[in-house]
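Asks: Contents of start_1.cif (mmCIF, C-alpha atoms):
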```cif
data_final
#
loop_
_atom_site.label_atom_id
_atom_site.label_comp_id
_atom_site.auth_asym_id
_atom_site.auth_seq_id
_atom_site.Cartn_x
_atom_site.Cartn_y
_atom_site.Cartn_z
CA MET L 1 -0.58 22.27 -65.66
CA GLU L 2 1.89 20.48 -63.57
CA GLU L 3 5.56 20.69 -64.27
CA SER L 4 8.18 19.46 -61.93
CA GLN L 5 11.52 20.35 -63.33
CA THR L 6 14.97 20.61 -61.88
CA PRO L 7 16.47 23.87 -63.12
CA VAL L 8 20.25 23.93 -63.29
CA LYS L 9 21.81 24.19 -66.72
CA ALA L 10 25.37 23.10 -66.26
CA GLU L 11 26.93 23.86 -69.61
CA GLY L 12 30.59 24.62 -69.40
CA GLY L 13 33.03 24.61 -72.28
CA GLY L 14 32.94 22.05 -75.07
CA GLU L 15 29.55 23.19 -76.27
CA ASP L 16 29.70 21.00 -79.30
CA LYS L 17 29.84 17.73 -77.48
CA LYS L 18 27.22 18.46 -74.88
CA MET L 19 23.84 17.42 -76.02
CA LYS L 20 20.54 18.15 -74.41
CA VAL L 21 18.63 14.99 -75.04
CA LEU L 22 14.93 14.82 -74.42
CA VAL L 23 13.43 11.36 -74.13
CA ALA L 24 9.70 10.85 -74.28
CA VAL L 25 8.45 8.09 -72.04
CA GLU L 26 5.05 6.57 -71.84
CA GLU L 27 3.70 3.32 -70.61
CA SER L 28 4.60 1.12 -73.51
CA GLU L 29 7.50 -1.27 -73.75
CA GLY L 30 8.63 0.59 -76.82
CA SER L 31 9.52 3.74 -75.02
CA LEU L 32 11.44 2.04 -72.22
CA TYR L 33 13.38 0.21 -74.86
CA ALA L 34 13.96 3.53 -76.59
CA LEU L 35 15.30 4.94 -73.35
CA SER L 36 17.74 2.12 -72.77
CA TRP L 37 18.82 2.21 -76.42
CA ALA L 38 19.47 5.93 -76.16
CA LEU L 39 21.44 5.45 -72.97
CA ASP L 40 23.53 2.72 -74.53
CA ASN L 41 24.32 4.50 -77.72
CA LEU L 42 24.30 8.18 -76.97
CA PHE L 43 25.96 8.18 -73.61
CA THR L 44 28.86 5.86 -74.12
CA SER L 45 32.27 7.28 -73.54
CA ALA L 46 35.75 5.95 -73.78
CA CYS L 47 36.64 6.71 -70.20
CA ASP L 48 34.63 5.65 -67.21
CA VAL L 49 33.24 8.62 -65.45
CA PRO L 50 30.93 7.92 -62.55
CA ASP L 51 28.45 10.43 -63.87
CA LYS L 52 28.47 10.31 -67.60
CA THR L 53 26.20 13.25 -68.10
CA GLU L 54 28.88 15.62 -66.99
CA SER L 55 30.82 15.22 -70.15
CA LEU L 56 28.02 14.33 -72.47
CA GLY L 57 25.11 16.62 -71.79
CA ARG L 58 21.75 16.56 -70.13
CA LEU L 59 19.18 13.86 -70.27
CA VAL L 60 15.62 14.92 -69.63
CA LEU L 61 12.78 12.45 -69.38
CA ILE L 62 9.42 13.81 -70.32
CA HIS L 63 6.12 12.15 -69.69
CA ALA L 64 2.96 13.61 -71.12
CA GLN L 65 -0.12 12.81 -69.18
CA GLN L 66 -3.14 12.67 -71.33
CA GLN L 67 -5.87 13.20 -68.88
CA PRO L 68 -9.23 11.86 -69.92
CA LEU L 69 -10.70 14.59 -67.80
CA GLN L 70 -9.09 17.79 -68.86
CA HIS L 71 -10.41 20.43 -66.65
CA PHE L 72 -9.60 22.90 -64.02
CA MET L 73 -11.76 23.77 -61.16
CA HIS L 74 -12.80 27.22 -60.08
CA PRO L 75 -14.04 27.94 -56.64
CA VAL L 76 -17.25 29.82 -57.22
CA GLY L 77 -17.94 33.16 -55.59
CA PRO L 78 -21.30 34.61 -54.61
CA CYS L 79 -21.87 36.40 -57.92
CA MET L 80 -21.83 33.15 -59.75
CA THR L 81 -24.25 31.11 -57.73
CA ASP L 82 -26.40 29.09 -59.98
CA PRO L 83 -30.15 29.39 -59.71
CA HIS L 84 -30.54 25.68 -59.07
CA HIS L 85 -29.15 26.09 -55.58
CA ARG L 86 -26.79 23.19 -55.55
CA SER L 87 -24.65 22.87 -52.49
CA PHE L 88 -21.30 22.70 -54.29
CA PRO L 89 -21.49 24.71 -57.43
CA VAL L 90 -18.20 24.11 -59.13
CA LEU L 91 -17.47 25.28 -62.63
CA PHE L 92 -15.59 23.00 -64.96
CA SER L 93 -14.23 24.22 -68.19
CA THR L 94 -13.36 21.30 -70.30
CA ARG L 95 -11.32 20.91 -73.40
CA GLU L 96 -12.65 17.50 -74.08
CA SER L 97 -16.24 18.27 -73.43
CA HIS L 98 -17.52 15.12 -75.07
CA VAL L 99 -16.77 13.31 -71.85
CA TYR L 100 -19.15 15.55 -70.05
CA ARG L 101 -21.98 15.77 -72.47
CA GLU L 102 -24.12 13.34 -70.64
CA LYS L 103 -23.49 15.13 -67.39
CA GLN L 104 -24.09 18.61 -68.64
CA THR L 105 -26.93 20.25 -66.81
CA MET L 106 -26.70 23.89 -67.85
CA THR L 107 -24.52 26.19 -69.87
CA LYS L 108 -23.26 29.61 -69.05
CA ASN L 109 -22.90 32.24 -71.74
CA CYS L 110 -19.30 32.13 -72.81
CA MET L 111 -17.92 28.78 -71.81
CA SER L 112 -19.25 25.28 -71.85
CA CYS L 113 -19.16 23.95 -68.38
CA LEU L 114 -21.07 21.76 -66.07
CA VAL L 115 -22.20 22.16 -62.55
CA ALA L 116 -21.38 19.33 -60.23
CA ALA L 117 -24.58 17.89 -59.00
CA VAL L 118 -23.10 16.09 -56.08
CA TYR L 119 -19.89 16.30 -54.12
CA ALA L 120 -19.13 12.73 -55.07
CA THR L 121 -18.51 13.63 -58.68
CA SER L 122 -15.64 15.92 -57.95
CA SER L 123 -14.03 13.41 -55.63
CA VAL L 124 -14.26 10.74 -58.28
CA ILE L 125 -12.50 13.08 -60.64
CA ASP L 126 -9.94 13.80 -57.98
CA SER L 127 -9.17 10.19 -57.36
CA VAL L 128 -8.87 9.47 -61.06
CA ARG L 129 -6.47 12.32 -61.40
CA ARG L 130 -4.47 11.19 -58.43
CA ALA L 131 -4.31 7.64 -59.78
CA GLN L 132 -2.99 8.98 -63.04
CA GLU L 133 -0.39 11.05 -61.34
CA GLN L 134 0.66 8.03 -59.35
CA ASN L 135 0.99 6.04 -62.55
CA SER L 136 3.10 8.71 -64.13
CA ARG L 137 5.35 8.92 -61.13
CA ASN L 138 5.81 5.15 -61.08
CA LEU L 139 6.66 5.21 -64.72
CA LEU L 140 9.20 7.97 -64.32
CA GLU L 141 10.64 6.21 -61.31
CA ARG L 142 11.17 3.12 -63.38
CA ALA L 143 12.73 5.18 -66.13
CA THR L 144 15.06 6.87 -63.67
CA GLN L 145 16.05 3.46 -62.35
CA VAL L 146 17.02 2.44 -65.84
CA CYS L 147 19.07 5.60 -66.18
CA ARG L 148 20.77 5.10 -62.87
CA SER L 149 21.68 1.56 -63.70
CA LYS L 150 23.54 2.95 -66.70
CA LEU L 151 25.14 5.59 -64.53
CA VAL L 152 23.36 8.51 -66.12
CA GLU L 153 21.58 11.18 -64.15
CA ALA L 154 18.30 12.24 -65.62
CA GLU L 155 15.76 14.92 -64.92
CA MET L 156 12.07 14.20 -64.90
CA VAL L 157 9.33 16.35 -66.29
CA ILE L 158 5.61 15.73 -66.34
CA VAL L 159 3.40 17.74 -68.61
CA ASP L 160 -0.32 17.72 -69.08
CA GLY L 161 -2.12 17.61 -72.31
CA ASP L 162 -1.89 16.14 -75.76
CA PRO L 163 1.39 14.20 -75.82
CA LYS L 164 2.40 15.08 -79.36
CA GLU L 165 2.05 18.81 -79.05
CA MET L 166 3.39 18.99 -75.55
CA ILE L 167 6.52 17.07 -76.38
CA CYS L 168 7.30 19.19 -79.41
CA GLN L 169 6.60 22.39 -77.52
CA PHE L 170 8.79 21.35 -74.68
CA ALA L 171 11.61 20.38 -77.01
CA GLU L 172 11.42 23.83 -78.51
CA GLN L 173 11.29 25.50 -75.11
CA MET L 174 14.31 23.79 -73.73
CA GLN L 175 16.15 23.99 -77.05
CA ALA L 176 16.79 20.28 -77.05
CA ASP L 177 19.51 18.97 -79.32
CA LEU L 178 17.84 15.65 -79.81
CA LEU L 179 14.41 14.25 -79.18
CA VAL L 180 14.13 10.50 -78.67
CA VAL L 181 10.81 8.74 -79.07
CA GLY L 182 9.91 5.10 -79.13
CA SER L 183 7.77 3.67 -81.85
CA ARG L 184 5.13 1.10 -81.43
CA GLY L 185 5.66 -0.16 -84.94
CA LEU L 186 2.09 0.55 -86.00
CA SER L 187 1.05 -0.10 -89.55
CA LYS L 188 -0.03 2.74 -91.82
CA MET L 189 -3.73 2.34 -91.16
CA ARG L 190 -3.40 2.28 -87.45
CA ARG L 191 -1.06 5.21 -87.47
CA ALA L 192 -3.63 7.28 -89.25
CA ILE L 193 -6.44 6.28 -86.95
CA LEU L 194 -4.76 6.00 -83.62
CA GLY L 195 -2.37 8.79 -84.25
CA SER L 196 1.28 8.39 -83.72
CA VAL L 197 3.34 10.52 -81.44
CA SER L 198 6.53 9.58 -83.19
CA ASP L 199 5.04 10.50 -86.56
CA TYR L 200 3.89 13.87 -85.34
CA CYS L 201 7.23 14.60 -83.72
CA ALA L 202 9.16 13.63 -86.83
CA HIS L 203 7.16 16.17 -88.83
CA HIS L 204 6.82 19.00 -86.38
CA ALA L 205 9.81 19.03 -84.11
CA THR L 206 12.31 21.76 -84.65
CA CYS L 207 15.20 19.63 -83.50
CA PRO L 208 16.56 16.31 -84.76
CA VAL L 209 14.33 13.39 -83.88
CA LEU L 210 15.49 9.88 -83.15
CA ILE L 211 12.85 7.20 -83.61
CA VAL L 212 13.72 3.93 -81.94
CA LYS L 213 12.03 0.89 -83.33
CA PRO L 214 11.19 -2.08 -81.15
CA PRO L 215 13.64 -4.92 -81.58
CA LYS L 216 12.63 -7.67 -83.95
CA GLY L 217 11.68 -10.87 -82.22
CA ASN L 218 13.88 -13.11 -84.31
CA HIS L 219 16.49 -10.60 -85.28
CA PRO L 220 19.96 -12.07 -84.62
CA MET J 1 29.98 -3.44 -76.48
CA ALA J 2 33.02 -1.24 -76.52
CA ALA J 3 35.14 -3.71 -78.45
CA GLU J 4 36.75 -2.36 -81.58
CA VAL J 5 35.42 -5.10 -83.78
CA GLY J 6 31.86 -4.91 -82.62
CA LYS J 7 31.18 -1.26 -83.27
CA PRO J 8 27.65 -0.55 -84.35
CA THR J 9 27.21 0.99 -87.76
CA MET J 10 25.59 4.29 -88.54
CA VAL J 11 24.32 4.84 -92.05
CA VAL J 12 23.86 8.41 -93.22
CA GLY J 13 21.81 8.97 -96.36
CA ILE J 14 22.69 11.99 -98.42
CA ASP J 15 21.53 13.58 -101.60
CA ASP J 16 22.61 16.77 -103.25
CA SER J 17 20.54 19.09 -101.09
CA GLU J 18 21.86 21.37 -98.39
CA HIS J 19 19.53 19.71 -95.90
CA SER J 20 21.30 16.40 -96.08
CA PHE J 21 24.76 17.94 -95.86
CA TYR J 22 23.62 19.79 -92.82
CA ALA J 23 22.40 16.49 -91.42
CA LEU J 24 25.77 14.89 -92.17
CA GLN J 25 27.60 17.76 -90.54
CA TRP J 26 25.38 17.65 -87.47
CA THR J 27 25.98 13.94 -87.13
CA LEU J 28 29.71 14.32 -87.47
CA ARG J 29 29.75 17.07 -84.91
CA ARG J 30 27.72 15.21 -82.36
CA PHE J 31 28.97 11.70 -82.73
CA PHE J 32 32.34 11.83 -84.38
CA SER J 33 34.15 14.75 -82.87
CA VAL J 34 36.24 12.50 -80.67
CA ALA J 35 38.86 10.27 -82.17
CA ASP J 36 37.44 7.08 -80.76
CA SER J 37 33.82 7.33 -81.61
CA ALA J 38 31.32 4.64 -80.85
CA PHE J 39 30.17 4.07 -84.41
CA LYS J 40 31.31 3.03 -87.81
CA LEU J 41 30.12 5.47 -90.41
CA VAL J 42 28.71 4.57 -93.79
CA VAL J 43 27.69 7.39 -96.11
CA VAL J 44 25.21 6.35 -98.75
CA HIS J 45 24.20 8.32 -101.77
CA SER J 46 21.66 7.04 -104.20
CA LYS J 47 21.80 8.08 -107.80
CA PRO J 48 18.35 7.94 -109.36
CA SER J 49 18.01 6.46 -112.80
CA PRO J 50 17.43 8.89 -115.68
CA ALA J 51 14.06 7.36 -116.43
CA SER J 52 12.73 8.30 -113.05
CA VAL J 53 14.00 11.85 -113.36
CA VAL J 54 12.81 12.55 -116.86
CA GLY J 55 9.32 11.38 -116.09
CA LEU J 56 6.74 11.46 -118.83
CA ALA J 57 8.07 10.29 -122.12
CA GLY J 58 7.61 12.78 -124.85
CA PRO J 59 9.03 12.91 -128.32
CA GLY J 60 12.77 12.71 -128.21
CA ALA J 61 12.85 11.49 -124.63
CA ALA J 62 15.09 8.63 -125.61
CA ASP J 63 17.64 11.07 -126.96
CA VAL J 64 17.71 13.02 -123.79
CA LEU J 65 18.41 10.02 -121.59
CA PRO J 66 22.14 9.67 -122.18
CA PHE J 67 22.70 13.33 -121.35
CA VAL J 68 20.61 13.07 -118.25
CA GLU J 69 22.50 9.96 -117.25
CA SER J 70 25.92 11.59 -117.55
CA ASP J 71 24.66 14.64 -115.72
CA LEU J 72 23.36 12.52 -112.90
CA LYS J 73 26.65 10.68 -112.68
CA LYS J 74 28.49 13.96 -112.41
CA ILE J 75 26.20 15.19 -109.68
CA ALA J 76 26.56 11.95 -107.79
CA LEU J 77 30.34 12.12 -107.87
CA LEU J 78 30.26 15.72 -106.72
CA VAL J 79 28.05 14.72 -103.82
CA ILE J 80 30.46 12.03 -102.74
CA GLU J 81 33.40 14.38 -103.10
CA ARG J 82 31.72 16.96 -100.97
CA ALA J 83 30.86 14.37 -98.36
CA LYS J 84 34.48 13.27 -98.28
CA ASP J 85 35.60 16.85 -97.76
CA LEU J 86 33.16 17.28 -94.93
CA CYS J 87 34.24 14.11 -93.20
CA SER J 88 37.92 14.85 -93.53
CA ALA J 89 37.47 17.74 -91.12
CA PHE J 90 36.52 15.30 -88.39
CA PRO J 91 38.60 12.53 -86.84
CA VAL J 92 36.44 9.75 -88.13
CA GLY J 93 38.15 6.40 -87.97
CA ASP J 94 36.09 3.94 -89.86
CA ILE J 95 34.20 5.39 -92.77
CA GLN J 96 32.81 4.02 -96.00
CA TYR J 97 31.25 5.78 -98.93
CA GLU J 98 28.68 4.07 -101.07
CA LEU J 99 27.14 5.11 -104.32
CA VAL J 100 24.10 3.07 -105.18
CA GLY J 101 21.43 3.38 -107.80
CA GLY J 102 17.69 3.40 -107.68
CA ASP J 103 15.03 4.92 -105.55
CA PRO J 104 16.63 6.51 -102.47
CA ARG J 105 13.99 5.12 -100.14
CA ASN J 106 14.65 1.53 -100.96
CA ALA J 107 18.35 2.12 -101.36
CA LEU J 108 18.64 3.42 -97.83
CA CYS J 109 16.61 0.61 -96.34
CA ASP J 110 18.69 -1.92 -98.27
CA ALA J 111 21.90 -0.30 -97.08
CA VAL J 112 20.69 -0.59 -93.52
CA GLU J 113 20.08 -4.29 -93.98
CA LYS J 114 23.34 -4.85 -95.74
CA HIS J 115 25.44 -3.21 -93.05
CA GLN J 116 23.17 -4.29 -90.20
CA ALA J 117 23.16 -0.70 -89.09
CA GLU J 118 22.03 0.45 -85.69
CA ILE J 119 21.08 3.93 -86.80
CA LEU J 120 19.96 5.45 -90.05
CA VAL J 121 20.38 9.18 -90.32
CA VAL J 122 18.52 11.23 -92.90
CA GLY J 123 17.98 14.90 -93.42
CA SER J 124 14.55 16.29 -93.87
CA HIS J 125 13.31 18.95 -96.21
CA GLY J 126 10.61 19.86 -93.78
CA TYR J 127 7.85 19.47 -96.29
CA GLY J 128 4.30 20.00 -95.17
CA ALA J 129 1.69 17.32 -95.42
CA ILE J 130 0.65 18.02 -98.99
CA LYS J 131 4.14 18.22 -100.39
CA ARG J 132 5.01 15.00 -98.71
CA VAL J 133 2.22 13.23 -100.50
CA VAL J 134 2.94 14.81 -103.85
CA LEU J 135 6.71 14.81 -103.86
CA GLY J 136 7.20 11.85 -101.62
CA SER J 137 9.41 11.86 -98.62
CA VAL J 138 12.43 9.69 -98.12
CA SER J 139 12.64 10.47 -94.44
CA ASP J 140 9.01 9.49 -93.97
CA HIS J 141 9.47 6.22 -95.77
CA CYS J 142 12.61 5.39 -93.86
CA ALA J 143 11.04 6.25 -90.54
CA HIS J 144 8.32 3.73 -91.21
CA HIS J 145 10.15 0.97 -92.97
CA ALA J 146 13.73 0.87 -91.84
CA GLN J 147 14.54 -1.99 -89.55
CA CYS J 148 16.60 0.12 -87.21
CA THR J 149 16.45 3.34 -85.29
CA VAL J 150 15.97 6.35 -87.52
CA MET J 151 17.23 9.81 -86.81
CA ILE J 152 15.63 12.59 -88.80
CA ILE J 153 17.56 15.82 -88.78
CA TYR J 154 15.62 18.84 -89.67
CA ALA J 155 17.53 21.84 -90.96
CA PRO J 156 16.72 25.06 -89.11
CA PRO J 157 15.07 27.87 -91.07
CA LYS J 158 18.18 29.93 -91.67
CA ILE J 159 19.84 27.11 -93.49
CA ARG J 160 16.65 26.42 -95.33
CA ALA J 161 16.46 30.02 -96.52
CA ARG J 162 20.05 29.85 -97.66
CA CYS J 163 19.55 26.68 -99.63
CA ALA J 164 16.30 27.71 -101.26
CA GLY J 165 18.33 29.37 -103.95
CA ILE J 166 20.93 26.70 -104.55
CA HIS J 167 18.86 23.56 -104.39
CA LEU J 168 19.67 21.52 -107.44
CA GLY J 169 16.14 20.48 -108.18
CA LYS J 170 16.27 16.92 -106.92
CA ARG J 171 13.12 15.70 -105.35
CA ASN J 172 13.30 13.73 -102.15
#
```
Can you turn what I pasted into structure tokens?
Replies:
Amino acid sequence: MEESQTPVKAEGGGEDKKMKVLVAVEESEGSLYALSWALDNLFTSACDVPDKTESLGRLVLIHAQQQPLQHFMHPVGPCMTDPHHRSFPVLFSTRESHVYREKQTMTKNCMSCLVAAVYATSSVIDSVRRAQEQNSRNLLERATQVCRSKLVEAEMVIVDGDPKEMICQFAEQMQADLLVVGSRGLSKMRRAILGSVSDYCAHHATCPVLIVKPPKGNHP
Amino acid sequence: MAAEVGKPTMVVGIDDSEHSFYALQWTLRRFFSVADSAFKLVVVHSKPSPASVVGLAGPGAADVLPFVESDLKKIALLVIERAKDLCSAFPVGDIQYELVGGDPRNALCDAVEKHQAEILVVGSHGYGAIKRVVLGSVSDHCAHHAQCTVMIIYAPPKIRARCAGIHLGKRN
């Protein structure tokens, strides 16, 4: 689990007006549009302050990384050497074990895991993970750029796991006043099959949810 | 975008439940507590037709309809009155109240189109999956079909517990 979060909660007086707004970003156009829409409409103020968030609350950008390889690695001690005498016995415990089924060589008693046959496998996994992290950072960088261009300071958070659940959990944790999600404008069928983060959030979030639709192409 | 004339419109859909008044109050608190707010506010209440409320026709259903109709009218007016009271506590500049008829889902989406609204705000009963299918959900429908951004305000449990007793039996 990787969370990089800047701590300070600067809430002074005027509790009512200060909103903690959580914006979910991912790699689609929809969510960047949602971010700029939210910045335009939620953080406008009559007077020009150089840093608008001071009077209007906190903006937190959250990106949920859905790793195709959800695992954590344990260094293995002597009591857990596997009888096949592989040089790098590493235990993986996976949540999405279907990815590993074809690689599974043996199972221990209580958890389903696989033993890395070669060193190369773990480095491949490493590089995939690093590429993903790089992607996420780029994305959040872009999002922060957008925020800065509208003179709003934002905090960035990266969480691992299923986007829908993570976003709702995080909103609850930080007691967000508003959760902003983009919507890809999927039809009913595709929503049901592909799953929709905005749908899930609308049903399960404990705070108000703002769903931003993509702009119509020929809307005046 | 800050010009007086070009203020974006925010449509708030209400019915007679505590959830939607909470949603209205939340919206007023967050967006309209300063005198010069960024939005024009339109409050929309949809009065369902008696036929849709009465449901299955039984013997004497036709006789009941006029009474149901007048009752619904009364409820609708009370809702608008209450909304007006709520809004008067806040320095809202530009506000309109609309009473429309028909299915709330379509009424809200139509209102959005009519006013070219930027945001549609609805409360949510917080129904689970099954209830949503059986009773239908206005917030669900609006989230999928409205042409603009939708804000769904979910009432926290303590308000829900309070309103469980005084809900007037309208389905939404």
Asks: May I have the residues of chain J within 7 Å of chain L, counting all atoms listed in the file, written as a ChimeraX atom specification?
Replies: /J:29-30,148-154
Asks: Name the residues that the PyMOL selection byres ((chain J and resi 142) around 12) picks from the file above, as a VMD selection string, using the file's chain letters and numbers.
Replies: (chain L and resid 199 202 210 to 211 213) or (chain J and resid 11 to 13 103 to 112 119 to 124 136 to 141 143 to 152 172)
Asks: Applied to the shown file, which residues does the PyMOL selection byres ((chain J and resi 73) around 12) return, written as a VMD selection string?
Replies: chain J and resid 16 45 to 50 66 to 72 74 to 80 99 to 101
Asks: For the residues in the current selection, export C-alpha atoms as a JSON list (two decimals), in the coordinates of the input.
Replies:
```json
[["chain", "number", "residue", "atom", "x", "y", "z"],
["J", 16, "ASP", "CA", 22.61, 16.77, -103.25],
["J", 45, "HIS", "CA", 24.20, 8.32, -101.77],
["J", 46, "SER", "CA", 21.66, 7.04, -104.20],
["J", 47, "LYS", "CA", 21.80, 8.08, -107.80],
["J", 48, "PRO", "CA", 18.35, 7.94, -109.36],
["J", 49, "SER", "CA", 18.01, 6.46, -112.80],
["J", 50, "PRO", "CA", 17.43, 8.89, -115.68],
["J", 66, "PRO", "CA", 22.14, 9.67, -122.18],
["J", 67, "PHE", "CA", 22.70, 13.33, -121.35],
["J", 68, "VAL", "CA", 20.61, 13.07, -118.25],
["J", 69, "GLU", "CA", 22.50, 9.96, -117.25],
["J", 70, "SER", "CA", 25.92, 11.59, -117.55],
["J", 71, "ASP", "CA", 24.66, 14.64, -115.72],
["J", 72, "LEU", "CA", 23.36, 12.52, -112.90],
["J", 74, "LYS", "CA", 28.49, 13.96, -112.41],
["J", 75, "ILE", "CA", 26.20, 15.19, -109.68],
["J", 76, "ALA", "CA", 26.56, 11.95, -107.79],
["J", 77, "LEU", "CA", 30.34, 12.12, -107.87],
["J", 78, "LEU", "CA", 30.26, 15.72, -106.72],
["J", 79, "VAL", "CA", 28.05, 14.72, -103.82],
["J", 80, "ILE", "CA", 30.46, 12.03, -102.74],
["J", 99, "LEU", "CA", 27.14, 5.11, -104.32],
["J", 100, "VAL", "CA", 24.10, 3.07, -105.18],
["J", 101, "GLY", "CA", 21.43, 3.38, -107.80]]
```
Asks: Go ahead and compute the interatomic distance for atom CA of L:Val23 and atom CA of J:Ala38, in Å to one decimal.
Replies: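 According to the coordinates, atom CA of L:Val23 and atom CA of J:Ala38 are separated by 20.3 Å.
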Asks: By how many Å are atom CA of J:Thr27 and atom CA of L:Val152 apart?
Replies: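 Atom CA of L:Val152 lies 21.9 Å from atom CA of J:Thr27.
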Asks: Quick one, how far is atom CA of L:Ser136 from atom CA of L:Ile158?
Replies: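 Atom-to-atom, atom CA of L:Ser136 to atom CA of L:Ile158, that is 7.8 Å.
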Asks: Just checking: using all atoms listed in the file, which residue out of L:Val21, L:Cys201, L:Cys147, L:Leu59 ends up closest to L:Gln169?
Replies: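 Looking only at the distances to L:Gln169, the closest residue turns out to be L:Cys201.
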Asks: J:Thr9, J:Ser52, J:Gln25, J:Ser17: which is nearest J:Ser37, counting all atoms listed in the file?
Replies: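 Counting all atoms listed in the file, the residue closest to J:Ser37 is J:Thr9.
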Asks: Grab all the atoms of stretch 17-30 of chain L that the file lists, wrap them in a box along x, y and z, add 4 Å per side, and give me centre plus edge lengths in Å (one decimal) as lines of an AutoDock Vina configuration file.
Replies:
```
center_x = 16.8
center_y = 8.6
center_z = -74.0
size_x = 34.1
size_y = 27.7
size_z = 14.9
```
Asks: Got a sec: who's within 9 Å of L:Ser36, counting all atoms listed in the file, leaving out chain neighbours fewer than 6 positions off, as a list of chain:residue names?
Replies: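 Listed by chain and then number, they are L:Ala143, L:Val146, L:Cys147, L:Lys150.
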Asks: Enumerate, as a ChimeraX atom specification, the protein, DNA and RNA residues whose atoms approach (41.8, 7.7, -83.0) to within 8 Å, taking into account all atoms listed in the file and the coordinate frame of the file.
Replies: /J:34-36,91-93
